[in-house]
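As stored in target_8.cif (mmCIF, C-alpha atoms; chains and numbers go by the auth columns):
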data_data
loop_
_atom_site.group_PDB
_atom_site.id
_atom_site.type_symbol
_atom_site.label_atom_id
_atom_site.label_comp_id
_atom_site.label_asym_id
_atom_site.label_seq_id
_atom_site.Cartn_x
_atom_site.Cartn_y
_atom_site.Cartn_z
_atom_site.B_iso_or_equiv
_atom_site.auth_seq_id
_atom_site.auth_asym_id
ATOM 1 C CA MET A 1 25.480 17.347 -6.801 0.00 173 A
ATOM 2 C CA PRO A 2 27.634 14.637 -8.442 0.00 174 A
ATOM 3 C CA TYR A 3 29.441 15.498 -11.682 0.00 175 A
ATOM 4 C CA VAL A 4 30.691 12.657 -13.890 0.00 176 A
ATOM 5 C CA THR A 5 32.928 13.098 -16.937 0.00 177 A
ATOM 6 C CA VAL A 6 33.177 10.304 -19.490 0.00 178 A
ATOM 7 C CA LYS A 7 36.032 10.648 -21.976 0.00 179 A
ATOM 8 C CA MET A 8 35.910 8.396 -25.005 0.00 180 A
ATOM 9 C CA LEU A 9 36.927 8.217 -28.619 0.00 181 A
ATOM 10 C CA GLU A 10 34.460 9.573 -31.135 0.00 182 A
ATOM 11 C CA GLY A 11 32.286 7.198 -33.116 0.00 183 A
ATOM 12 C CA ARG A 12 29.476 6.136 -30.797 0.00 184 A
ATOM 13 C CA THR A 13 25.891 6.563 -31.962 0.00 185 A
ATOM 14 C CA GLU A 14 23.456 8.920 -30.283 0.00 186 A
ATOM 15 C CA GLU A 15 21.580 5.863 -29.004 0.00 187 A
ATOM 16 C CA GLN A 16 24.762 4.510 -27.388 0.00 188 A
ATOM 17 C CA LYS A 17 25.510 7.854 -25.727 0.00 189 A
ATOM 18 C CA LYS A 18 21.923 8.127 -24.480 0.00 190 A
ATOM 19 C CA ALA A 19 22.124 4.640 -22.955 0.00 191 A
ATOM 20 C CA LEU A 20 25.507 5.462 -21.397 0.00 192 A
ATOM 21 C CA VAL A 21 24.157 8.608 -19.750 0.00 193 A
ATOM 22 C CA GLU A 22 21.118 6.740 -18.416 0.00 194 A
ATOM 23 C CA LYS A 23 23.185 3.888 -16.955 0.00 195 A
ATOM 24 C CA VAL A 24 25.869 6.141 -15.460 0.00 196 A
ATOM 25 C CA THR A 25 23.157 8.269 -13.864 0.00 197 A
ATOM 26 C CA GLN A 26 21.462 5.182 -12.432 0.00 198 A
ATOM 27 C CA ALA A 27 24.735 3.797 -11.051 0.00 199 A
ATOM 28 C CA VAL A 28 25.697 7.092 -9.404 0.00 200 A
ATOM 29 C CA SER A 29 22.209 7.496 -7.974 0.00 201 A
ATOM 30 C CA GLU A 30 22.311 4.019 -6.430 0.00 202 A
ATOM 31 C CA THR A 31 25.859 4.155 -5.080 0.00 203 A
ATOM 32 C CA ALA A 32 25.969 7.783 -3.924 0.00 204 A
ATOM 33 C CA ASN A 33 22.340 7.917 -2.802 0.00 205 A
ATOM 34 C CA ALA A 34 21.855 11.027 -4.949 0.00 206 A
ATOM 35 C CA PRO A 35 18.648 12.035 -6.703 0.00 207 A
ATOM 36 C CA LYS A 36 18.884 11.519 -10.461 0.00 208 A
ATOM 37 C CA GLU A 37 17.836 15.141 -11.007 0.00 209 A
ATOM 38 C CA ASN A 38 21.071 16.290 -9.331 0.00 210 A
ATOM 39 C CA ILE A 39 23.486 14.134 -11.337 0.00 211 A
ATOM 40 C CA VAL A 40 25.351 15.792 -14.194 0.00 212 A
ATOM 41 C CA VAL A 41 27.070 13.678 -16.856 0.00 213 A
ATOM 42 C CA PHE A 42 29.520 15.195 -19.349 0.00 214 A
ATOM 43 C CA ILE A 43 30.569 13.253 -22.439 0.00 215 A
ATOM 44 C CA GLU A 44 33.866 14.402 -23.908 0.00 216 A
ATOM 45 C CA GLU A 45 34.565 12.834 -27.267 0.00 217 A
ATOM 46 C CA MET A 46 38.126 12.792 -28.500 0.00 218 A
ATOM 47 C CA SER A 47 39.201 12.642 -32.101 0.00 219 A
ATOM 48 C CA LYS A 48 41.230 9.566 -32.936 0.00 220 A
ATOM 49 C CA ASN A 49 43.951 12.024 -34.012 0.00 221 A
ATOM 50 C CA HIS A 50 44.148 13.323 -30.439 0.00 222 A
ATOM 51 C CA TYR A 51 44.608 9.988 -28.679 0.00 223 A
ATOM 52 C CA ALA A 52 47.798 7.944 -28.616 0.00 224 A
ATOM 53 C CA VAL A 53 49.100 4.874 -26.823 0.00 225 A
ATOM 54 C CA GLY A 54 52.704 3.736 -26.937 0.00 226 A
ATOM 55 C CA GLY A 55 53.700 6.621 -29.194 0.00 227 A
ATOM 56 C CA LYS A 56 51.135 5.839 -31.890 0.00 228 A
ATOM 57 C CA ARG A 57 47.984 7.800 -32.578 0.00 229 A
ATOM 58 C CA HIS A 58 44.829 5.724 -32.686 0.00 230 A
ATOM 59 C CA SER A 59 44.056 7.160 -36.126 0.00 231 A
ATOM 60 C CA ASP A 60 47.345 5.741 -37.480 0.00 232 A
ATOM 61 C CA GLN A 61 46.568 2.158 -36.523 0.00 233 A
#
As structure tokens, please, write out the structure in this file.
Amino acid sequence: MPYVTVKMLEGRTEEQKKALVEKVTQAVSETANAPKENIVVFIEEMSKNHYAVGGKRHSDQ
């Protein structure tokens, strides 16, 4: 049973997340030859306050 975790900054719409889950599931099914019913996708949204690059938080940019 494949498990996929997608980490991304908050702010996507429910429609975008739904499409993401559908496409990730399809890609894993095709490449890993796994039934869609066995594929688990986790979306972990991060606050822009909790994400930094080069010493600067994304929320401060």
request  = Select, from A:Ala206, A:Met218, A:Val225, A:Ala199, the residue with the minimum atom-to-atom distance to Met173 of chain A, counting all atoms listed in the file.
outcome  =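 Looking only at the distances to Met173 of chain A, the closest residue turns out to be A:Ala206.
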task = Tell me which of A:Asn210, A:Thr203, A:Ser219, A:Gln198 sits closest to Met180 of chain A, counting all atoms listed in the file.
result = A:Ser219
query = Can you list, as a ChimeraX atom specification, every protein, DNA or RNA residue that comes within 12 Å of His230 of chain A when you count all atoms listed in the file, leaving out same-chain residues fewer than 2 positions away?
reply = /A:181-182,218-228,232-233
Residues just named, written with C-alpha atoms as a PDB file, in the frame of the given file:
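What ended up in again_9.pdb:
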ATOM      1  CA  LEU A 181      36.927   8.217 -28.619  1.00  0.00           C
ATOM      2  CA  GLU A 182      34.460   9.573 -31.135  1.00  0.00           C
ATOM      3  CA  MET A 218      38.126  12.792 -28.500  1.00  0.00           C
ATOM      4  CA  SER A 219      39.201  12.642 -32.101  1.00  0.00           C
ATOM      5  CA  LYS A 220      41.230   9.566 -32.936  1.00  0.00           C
ATOM      6  CA  ASN A 221      43.951  12.024 -34.012  1.00  0.00           C
ATOM      7  CA  HIS A 222      44.148  13.323 -30.439  1.00  0.00           C
ATOM      8  CA  TYR A 223      44.608   9.988 -28.679  1.00  0.00           C
ATOM      9  CA  ALA A 224      47.798   7.944 -28.616  1.00  0.00           C
ATOM     10  CA  VAL A 225      49.100   4.874 -26.823  1.00  0.00           C
ATOM     11  CA  GLY A 226      52.704   3.736 -26.937  1.00  0.00           C
ATOM     12  CA  GLY A 227      53.700   6.621 -29.194  1.00  0.00           C
ATOM     13  CA  LYS A 228      51.135   5.839 -31.890  1.00  0.00           C
ATOM     14  CA  ASP A 232      47.345   5.741 -37.480  1.00  0.00           C
ATOM     15  CA  GLN A 233      46.568   2.158 -36.523  1.00  0.00           C
TER      16      GLN A 233
END
request  = Evaluate the PyMOL selection byres ((chain A and resi 190-193) around 10) and record the selected residues as a list in words, following the chain and residue labels used in the document.
outcome  =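 When the PyMOL selection byres ((chain A and resi 190-193) around 10) is applied, the selected residues are Val176, Val178, Thr185, Glu186, Glu187, Gln188, Lys189, Glu194, Lys195, Val196, Thr197, Gln198, Ala199, Val212, Val213, Phe214 and Ile215 of chain A.
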Emit the selected residues as a PDB file, in the frame of the given file, including C-alpha atoms.
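After the write, selection_23.pdb holds the following:
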ATOM      1  CA  VAL A 176      30.691  12.657 -13.890  1.00  0.00           C
ATOM      2  CA  VAL A 178      33.177  10.304 -19.490  1.00  0.00           C
ATOM      3  CA  THR A 185      25.891   6.563 -31.962  1.00  0.00           C
ATOM      4  CA  GLU A 186      23.456   8.920 -30.283  1.00  0.00           C
ATOM      5  CA  GLU A 187      21.580   5.863 -29.004  1.00  0.00           C
ATOM      6  CA  GLN A 188      24.762   4.510 -27.388  1.00  0.00           C
ATOM      7  CA  LYS A 189      25.510   7.854 -25.727  1.00  0.00           C
ATOM      8  CA  GLU A 194      21.118   6.740 -18.416  1.00  0.00           C
ATOM      9  CA  LYS A 195      23.185   3.888 -16.955  1.00  0.00           C
ATOM     10  CA  VAL A 196      25.869   6.141 -15.460  1.00  0.00           C
ATOM     11  CA  THR A 197      23.157   8.269 -13.864  1.00  0.00           C
ATOM     12  CA  GLN A 198      21.462   5.182 -12.432  1.00  0.00           C
ATOM     13  CA  ALA A 199      24.735   3.797 -11.051  1.00  0.00           C
ATOM     14  CA  VAL A 212      25.351  15.792 -14.194  1.00  0.00           C
ATOM     15  CA  VAL A 213      27.070  13.678 -16.856  1.00  0.00           C
ATOM     16  CA  PHE A 214      29.520  15.195 -19.349  1.00  0.00           C
ATOM     17  CA  ILE A 215      30.569  13.253 -22.439  1.00  0.00           C
TER      18      ILE A 215
END
Could chain A be written out with C-alpha atoms, as a PDB file, in the first residue's frame, please?
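The new file part_25.pdb reads:
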ATOM      1  CA  MET A 173       0.000   0.000   0.000  1.00  0.00           C
ATOM      2  CA  PRO A 174       1.764   3.191  -1.178  1.00  0.00           C
ATOM      3  CA  TYR A 175       1.720   6.221   1.127  1.00  0.00           C
ATOM      4  CA  VAL A 176       2.478   9.651  -0.346  1.00  0.00           C
ATOM      5  CA  THR A 177       2.988  12.825   1.692  1.00  0.00           C
ATOM      6  CA  VAL A 178       2.714  16.201  -0.013  1.00  0.00           C
ATOM      7  CA  LYS A 179       4.029  19.136   2.014  1.00  0.00           C
ATOM      8  CA  MET A 180       3.101  22.585   0.783  1.00  0.00           C
ATOM      9  CA  LEU A 181       2.441  26.088   1.975  1.00  0.00           C
ATOM     10  CA  GLU A 182      -1.116  26.893   2.957  1.00  0.00           C
ATOM     11  CA  GLY A 183      -3.340  28.816   0.580  1.00  0.00           C
ATOM     12  CA  ARG A 184      -4.527  26.322  -2.024  1.00  0.00           C
ATOM     13  CA  THR A 185      -8.254  25.970  -2.645  1.00  0.00           C
ATOM     14  CA  GLU A 186     -10.166  22.794  -1.894  1.00  0.00           C
ATOM     15  CA  GLU A 187     -10.547  22.292  -5.649  1.00  0.00           C
ATOM     16  CA  GLN A 188      -6.765  22.492  -6.123  1.00  0.00           C
ATOM     17  CA  LYS A 189      -6.139  19.990  -3.321  1.00  0.00           C
ATOM     18  CA  LYS A 190      -8.774  17.631  -4.731  1.00  0.00           C
ATOM     19  CA  ALA A 191      -7.144  17.772  -8.174  1.00  0.00           C
ATOM     20  CA  LEU A 192      -3.703  17.226  -6.622  1.00  0.00           C
ATOM     21  CA  VAL A 193      -4.864  14.123  -4.763  1.00  0.00           C
ATOM     22  CA  GLU A 194      -6.501  12.719  -7.901  1.00  0.00           C
ATOM     23  CA  LYS A 195      -3.419  13.278 -10.076  1.00  0.00           C
ATOM     24  CA  VAL A 196      -0.936  11.989  -7.490  1.00  0.00           C
ATOM     25  CA  THR A 197      -3.074   8.884  -7.023  1.00  0.00           C
ATOM     26  CA  GLN A 198      -3.224   8.322 -10.780  1.00  0.00           C
ATOM     27  CA  ALA A 199       0.541   8.766 -11.185  1.00  0.00           C
ATOM     28  CA  VAL A 200       1.358   6.366  -8.344  1.00  0.00           C
ATOM     29  CA  SER A 201      -1.140   3.831  -9.651  1.00  0.00           C
ATOM     30  CA  GLU A 202       0.410   3.919 -13.126  1.00  0.00           C
ATOM     31  CA  THR A 203       4.059   3.878 -12.068  1.00  0.00           C
ATOM     32  CA  ALA A 204       3.843   1.486  -9.111  1.00  0.00           C
ATOM     33  CA  ASN A 205       1.149  -0.725 -10.627  1.00  0.00           C
ATOM     34  CA  ALA A 206      -0.916  -0.277  -7.457  1.00  0.00           C
ATOM     35  CA  PRO A 207      -4.703  -0.231  -7.262  1.00  0.00           C
ATOM     36  CA  LYS A 208      -6.030   3.272  -6.619  1.00  0.00           C
ATOM     37  CA  GLU A 209      -7.998   1.959  -3.632  1.00  0.00           C
ATOM     38  CA  ASN A 210      -4.708   1.134  -1.875  1.00  0.00           C
ATOM     39  CA  ILE A 211      -3.001   4.503  -2.366  1.00  0.00           C
ATOM     40  CA  VAL A 212      -3.006   6.909   0.567  1.00  0.00           C
ATOM     41  CA  VAL A 213      -2.203  10.594   0.036  1.00  0.00           C
ATOM     42  CA  PHE A 214      -1.507  12.937   2.960  1.00  0.00           C
ATOM     43  CA  ILE A 215      -1.513  16.700   2.452  1.00  0.00           C
ATOM     44  CA  GLU A 216       0.451  18.591   5.082  1.00  0.00           C
ATOM     45  CA  GLU A 217      -0.061  22.321   4.852  1.00  0.00           C
ATOM     46  CA  MET A 218       2.504  24.568   6.454  1.00  0.00           C
ATOM     47  CA  SER A 219       1.893  28.068   7.689  1.00  0.00           C
ATOM     48  CA  LYS A 220       3.985  30.671   5.923  1.00  0.00           C
ATOM     49  CA  ASN A 221       5.325  31.515   9.400  1.00  0.00           C
ATOM     50  CA  HIS A 222       6.772  28.004   9.662  1.00  0.00           C
ATOM     51  CA  TYR A 223       8.696  27.969   6.386  1.00  0.00           C
ATOM     52  CA  ALA A 224      11.958  29.777   5.721  1.00  0.00           C
ATOM     53  CA  VAL A 225      14.571  29.886   2.983  1.00  0.00           C
ATOM     54  CA  GLY A 226      17.912  31.622   3.323  1.00  0.00           C
ATOM     55  CA  GLY A 227      17.138  32.742   6.866  1.00  0.00           C
ATOM     56  CA  LYS A 228      13.899  34.516   5.958  1.00  0.00           C
ATOM     57  CA  ARG A 229      10.415  33.290   6.733  1.00  0.00           C
ATOM     58  CA  HIS A 230       8.091  33.165   3.757  1.00  0.00           C
ATOM     59  CA  SER A 231       5.585  35.289   5.681  1.00  0.00           C
ATOM     60  CA  ASP A 232       8.171  38.096   5.991  1.00  0.00           C
ATOM     61  CA  GLN A 233       8.723  38.440   2.258  1.00  0.00           C
TER      62      GLN A 233
END
